[in-house]
Amino acid sequence: MKVTMIGTGYVGLVTGACFAEVGNDVLCVDVDARKIAILNEGGVPIHEPGLEAMVHRNVASGRLRFTTDVDASVAHGMLQFIAVGTPPDEDGSADMQYVIQAARSIGRLMQGPKIVVDKSTVPVGTADRVRAAIAEELSNRGVDFAFSVASNPEFLKEGAAVEDFMRPDRVVVGASDERAIAALRAIYAPFRTGGIAGKRSGRVGDSPVLGAGTYADDRSGAGSATGYGEGILRVALTARALEAMRLGAGPEHAAREGIKILKVAAVFDDPSAMVRLLDSVAPKP
């Protein structure tokens, strides 16, 4: 399968290399010419066990390439993964400008159907914004190509990212149509996993963090801590927070570990609410 990975940071590079490892044709694009030059010269700008050898192996096979050519990247993949940075603003919210810029580039340059996948750490509502940005660019061009928007959050731990990706205990997919879910099931099929949680929603693509085979309804609230009810508990017990708690961490540490994942669902307006919730479900000595 032809895949475009937008962004060659921690998530983008690991994801692109692992997809190439199982036989996909992956083109990674980045606006940082220096980073692309390093990659094309055989360097790997981040350290993860097994990543450098995997990158070199798949570059040599021709399955993994790096470019700054946005036109070529949009033309390449039916699947367009957005894995750009979302650095925190002064108020702690995710800075979405790079995600929206990537979406606009796809809309401005696409010449046929695409499936656009949010891989970056993003809040609820991002898929709506991505879809609107693409639709606006298509309208400005006077063309009407079919496209889908999906959410596929990452669960990678630093120091074990390659292992986590190649042998995931969960793969989470949120999408507005079965075509996108089917495509993502197909690309993840070679990876050993406890299950793929695929959610089709009335909203466009957002899916709160899920455990394998389960999901929380993304229509159950308006993005506040009180609006999600039991969904908060399911989210709180997933990913890094649960892993930290299993290792005996207290609720404050578990909250810090879980905050990145919980940002995806944008459930907690008040971080202290997360601490109280984790405290209520933490194993007692």
# chains A, B, ... in the order shown; residues from 1 in each chain; ligands from 1
call {"tool": "residues_around", "arguments": {"residues": "Tyr10 of chain A", "least_positions_apart": "4", "cutoff": "10 Å", "atoms": "only C-alpha atoms", "output": "ChimeraX atom specification"}}
result
/A:14-15,45-48,83-85,156,158,161
call {"tool": "write_last_selection", "arguments": {"atoms": "C-alpha atoms", "output": "PDB file, in the first residue's frame"}}
result
ATOM      1  CA  VAL A  14       8.803   5.423  13.697  1.00  0.00           C
ATOM      2  CA  THR A  15       5.403   4.925  12.055  1.00  0.00           C
ATOM      3  CA  PRO A  45      17.858  12.164  14.069  1.00  0.00           C
ATOM      4  CA  ILE A  46      16.237  10.314  16.990  1.00  0.00           C
ATOM      5  CA  HIS A  47      17.438   7.352  19.004  1.00  0.00           C
ATOM      6  CA  GLU A  48      15.156   4.377  19.421  1.00  0.00           C
ATOM      7  CA  ALA A  83       2.124  13.250  12.167  1.00  0.00           C
ATOM      8  CA  VAL A  84       3.296  16.831  12.662  1.00  0.00           C
ATOM      9  CA  GLY A  85       4.041  18.463  15.986  1.00  0.00           C
ATOM     10  CA  LEU A 156       4.412   4.550  21.733  1.00  0.00           C
ATOM     11  CA  GLU A 158      10.120   6.263  24.388  1.00  0.00           C
ATOM     12  CA  ALA A 161       8.616   2.668  20.266  1.00  0.00           C
TER      13      ALA A 161
END
call {"tool": "atom_distance", "arguments": {"atom1": "atom CA of Gly12 of chain A", "atom2": "atom CA of Glu136 of chain A"}}
result
25.8 Å
call {"tool": "closest_residue", "arguments": {"among": "A:Ser105, A:Gln97, A:Asn24, A:Ser139", "to": "Val74 of chain A", "atoms": "only C-alpha atoms"}}
result
A:Ser105
call {"tool": "closest_residue", "arguments": {"among": "A:Ile38, A:Leu51, A:Ala103, A:Leu138", "to": "Ala160 of chain A", "atoms": "only C-alpha atoms"}}
result
A:Leu51
call {"tool": "residues_around", "arguments": {"residues": "Arg34 of chain A", "least_positions_apart": "5", "cutoff": "10 Å", "atoms": "only C-alpha atoms", "output": "ChimeraX atom specification"}}
result
/A:39-40,68
call {"tool": "residues_around", "arguments": {"residues": "Ala75 of chain A", "least_positions_apart": "4", "cutoff": "9 Å", "atoms": "only C-alpha atoms", "output": "mmCIF file with C-alpha atoms, in the first residue's frame"}}
result
data_model
loop_
_atom_site.group_PDB
_atom_site.id
_atom_site.type_symbol
_atom_site.label_atom_id
_atom_site.label_comp_id
_atom_site.auth_asym_id
_atom_site.auth_seq_id
_atom_site.Cartn_x
_atom_site.Cartn_y
_atom_site.Cartn_z
ATOM 1 C CA THR A 4 2.451 9.273 2.859
ATOM 2 C CA VAL A 70 4.879 18.391 -0.784
ATOM 3 C CA ASP A 71 3.397 17.953 -4.267
ATOM 4 C CA ILE A 106 -3.641 17.929 0.858
ATOM 5 C CA LEU A 109 -2.862 19.420 -4.239
ATOM 6 C CA MET A 110 -4.872 16.178 -4.228
ATOM 7 C CA GLN A 111 -5.913 14.865 -7.638
ATOM 8 C CA GLY A 112 -8.063 11.951 -6.519
#
call {"tool": "residues_around", "arguments": {"residues": "Glu41 of chain A", "least_positions_apart": "4", "cutoff": "12 Å", "atoms": "only C-alpha atoms", "output": "list in words"}}
result
Arg34, Lys35, Ile36, Ala37, Pro45, Val55, His56, Val59, Ala60, Arg65 and Phe66 of chain A
call {"tool": "write_last_selection", "arguments": {"atoms": "C-alpha atoms", "output": "compact mmCIF listing (two decimals), in the first residue's frame"}}
result
# COMPACT_ATOMS: atom_id res chain seq x y z
CA ARG A 34 18.03 19.80 7.21
CA LYS A 35 16.22 16.86 8.78
CA ILE A 36 15.43 15.36 5.38
CA ALA A 37 19.06 15.82 4.31
CA PRO A 45 17.86 12.16 14.07
CA VAL A 55 15.32 2.77 8.46
CA HIS A 56 18.52 1.73 6.66
CA VAL A 59 15.66 2.75 2.47
CA ALA A 60 17.94 0.19 0.81
CA ARG A 65 11.95 7.48 1.09
CA PHE A 66 12.27 11.03 2.41
call {"tool": "residues_around", "arguments": {"residues": "Glu154 of chain A", "least_positions_apart": "4", "cutoff": "8 Å", "atoms": "only C-alpha atoms", "output": "PyMOL selection string"}}
result
chain A and resi 11+119-121
call {"tool": "write_last_selection", "arguments": {"atoms": "C-alpha atoms", "output": "mmCIF file, in the first residue's frame"}}
result
data_model
loop_
_atom_site.group_PDB
_atom_site.id
_atom_site.type_symbol
_atom_site.label_atom_id
_atom_site.label_comp_id
_atom_site.auth_asym_id
_atom_site.auth_seq_id
_atom_site.Cartn_x
_atom_site.Cartn_y
_atom_site.Cartn_z
ATOM 1 C CA VAL A 11 5.887 9.560 15.688
ATOM 2 C CA LYS A 119 -1.739 10.621 13.938
ATOM 3 C CA SER A 120 -0.647 13.685 15.893
ATOM 4 C CA THR A 121 -1.727 14.230 19.489
#
call {"tool": "residues_around", "arguments": {"residues": "Lys114 of chain A", "least_positions_apart": "6", "cutoff": "8 Å", "atoms": "only C-alpha atoms", "output": "count of residues only"}}
result
7
call {"tool": "select_by_dssp", "arguments": {"residues": "segment 92-146 of chain A", "states": "alpha helix (DSSP H)", "output": "PDB file with C-alpha atoms, in the first residue's frame"}}
result
ATOM      1  CA  GLN A  97      -1.441  25.271  13.034  1.00  0.00           C
ATOM      2  CA  TYR A  98       0.811  22.565  11.553  1.00  0.00           C
ATOM      3  CA  VAL A  99      -2.000  20.004  11.431  1.00  0.00           C
ATOM      4  CA  ILE A 100      -4.271  22.449   9.604  1.00  0.00           C
ATOM      5  CA  GLN A 101      -1.450  23.488   7.254  1.00  0.00           C
ATOM      6  CA  ALA A 102      -0.927  19.824   6.338  1.00  0.00           C
ATOM      7  CA  ALA A 103      -4.657  19.388   5.719  1.00  0.00           C
ATOM      8  CA  ARG A 104      -4.748  22.472   3.503  1.00  0.00           C
ATOM      9  CA  SER A 105      -1.798  21.196   1.478  1.00  0.00           C
ATOM     10  CA  ILE A 106      -3.641  17.929   0.858  1.00  0.00           C
ATOM     11  CA  GLY A 107      -6.796  19.766  -0.241  1.00  0.00           C
ATOM     12  CA  ARG A 108      -4.836  22.132  -2.434  1.00  0.00           C
ATOM     13  CA  LEU A 109      -2.862  19.420  -4.239  1.00  0.00           C
ATOM     14  CA  THR A 126      -9.672  18.111  15.123  1.00  0.00           C
ATOM     15  CA  ALA A 127     -11.103  15.804  12.482  1.00  0.00           C
ATOM     16  CA  ASP A 128     -13.909  18.315  11.854  1.00  0.00           C
ATOM     17  CA  ARG A 129     -11.322  21.067  11.389  1.00  0.00           C
ATOM     18  CA  VAL A 130      -9.177  18.907   9.102  1.00  0.00           C
ATOM     19  CA  ARG A 131     -12.189  17.980   7.006  1.00  0.00           C
ATOM     20  CA  ALA A 132     -13.297  21.622   6.774  1.00  0.00           C
ATOM     21  CA  ALA A 133      -9.818  22.766   5.725  1.00  0.00           C
ATOM     22  CA  ILE A 134      -9.599  20.148   2.963  1.00  0.00           C
ATOM     23  CA  ALA A 135     -13.135  20.871   1.777  1.00  0.00           C
ATOM     24  CA  GLU A 136     -12.422  24.596   1.639  1.00  0.00           C
ATOM     25  CA  GLU A 137      -9.309  24.078  -0.486  1.00  0.00           C
ATOM     26  CA  LEU A 138     -11.188  21.764  -2.857  1.00  0.00           C
ATOM     27  CA  SER A 139     -13.993  24.335  -3.136  1.00  0.00           C
ATOM     28  CA  ASN A 140     -11.470  27.085  -3.909  1.00  0.00           C
ATOM     29  CA  ARG A 141     -10.166  24.919  -6.757  1.00  0.00           C
TER      30      ARG A 141
END
call {"tool": "select_by_dssp", "arguments": {"residues": "segment 15-201 of chain A", "states": "strand (DSSP E)", "output": "PyMOL selection string"}}
result
chain A and resi 25-29+64-67+79-82+114-118+147-151+171-175+196-200
call {"tool": "closest_residue", "arguments": {"among": "A:Asp32, A:Asp89, A:Glu21, A:Asp95", "to": "Tyr188 of chain A", "atoms": "only C-alpha atoms"}}
result
A:Glu21
call {"tool": "closest_atom_pairs", "arguments": {"of": "segment 49-160 of chain A", "to": "segment 165-187 of chain A", "cutoff": "6 Å", "atoms": "only C-alpha atoms", "output": "JSON lines"}}
result
{"residue": "A:Ala150", "atom": "CA", "partner": "A:Ala175", "partner_atom": "CA", "distance": 4.4}
{"residue": "A:Ser151", "atom": "CA", "partner": "A:Gly174", "partner_atom": "CA", "distance": 4.9}
{"residue": "A:Asn152", "atom": "CA", "partner": "A:Val173", "partner_atom": "CA", "distance": 4.9}
call {"tool": "write_last_selection", "arguments": {"atoms": "N, CA and C atoms", "output": "short mmCIF file (atom, residue, chain, number, x, y, z; two decimals), in the first residue's frame"}}
result
data_model
loop_
_atom_site.label_atom_id
_atom_site.label_comp_id
_atom_site.auth_asym_id
_atom_site.auth_seq_id
_atom_site.Cartn_x
_atom_site.Cartn_y
_atom_site.Cartn_z
N ALA A 150 -9.83 10.27 9.34
CA ALA A 150 -9.82 9.29 10.43
C ALA A 150 -8.87 9.74 11.53
N SER A 151 -9.06 9.20 12.71
CA SER A 151 -8.16 9.44 13.83
C SER A 151 -7.52 8.13 14.24
N ASN A 152 -6.20 8.15 14.44
CA ASN A 152 -5.44 6.95 14.79
C ASN A 152 -4.32 7.32 15.76
#
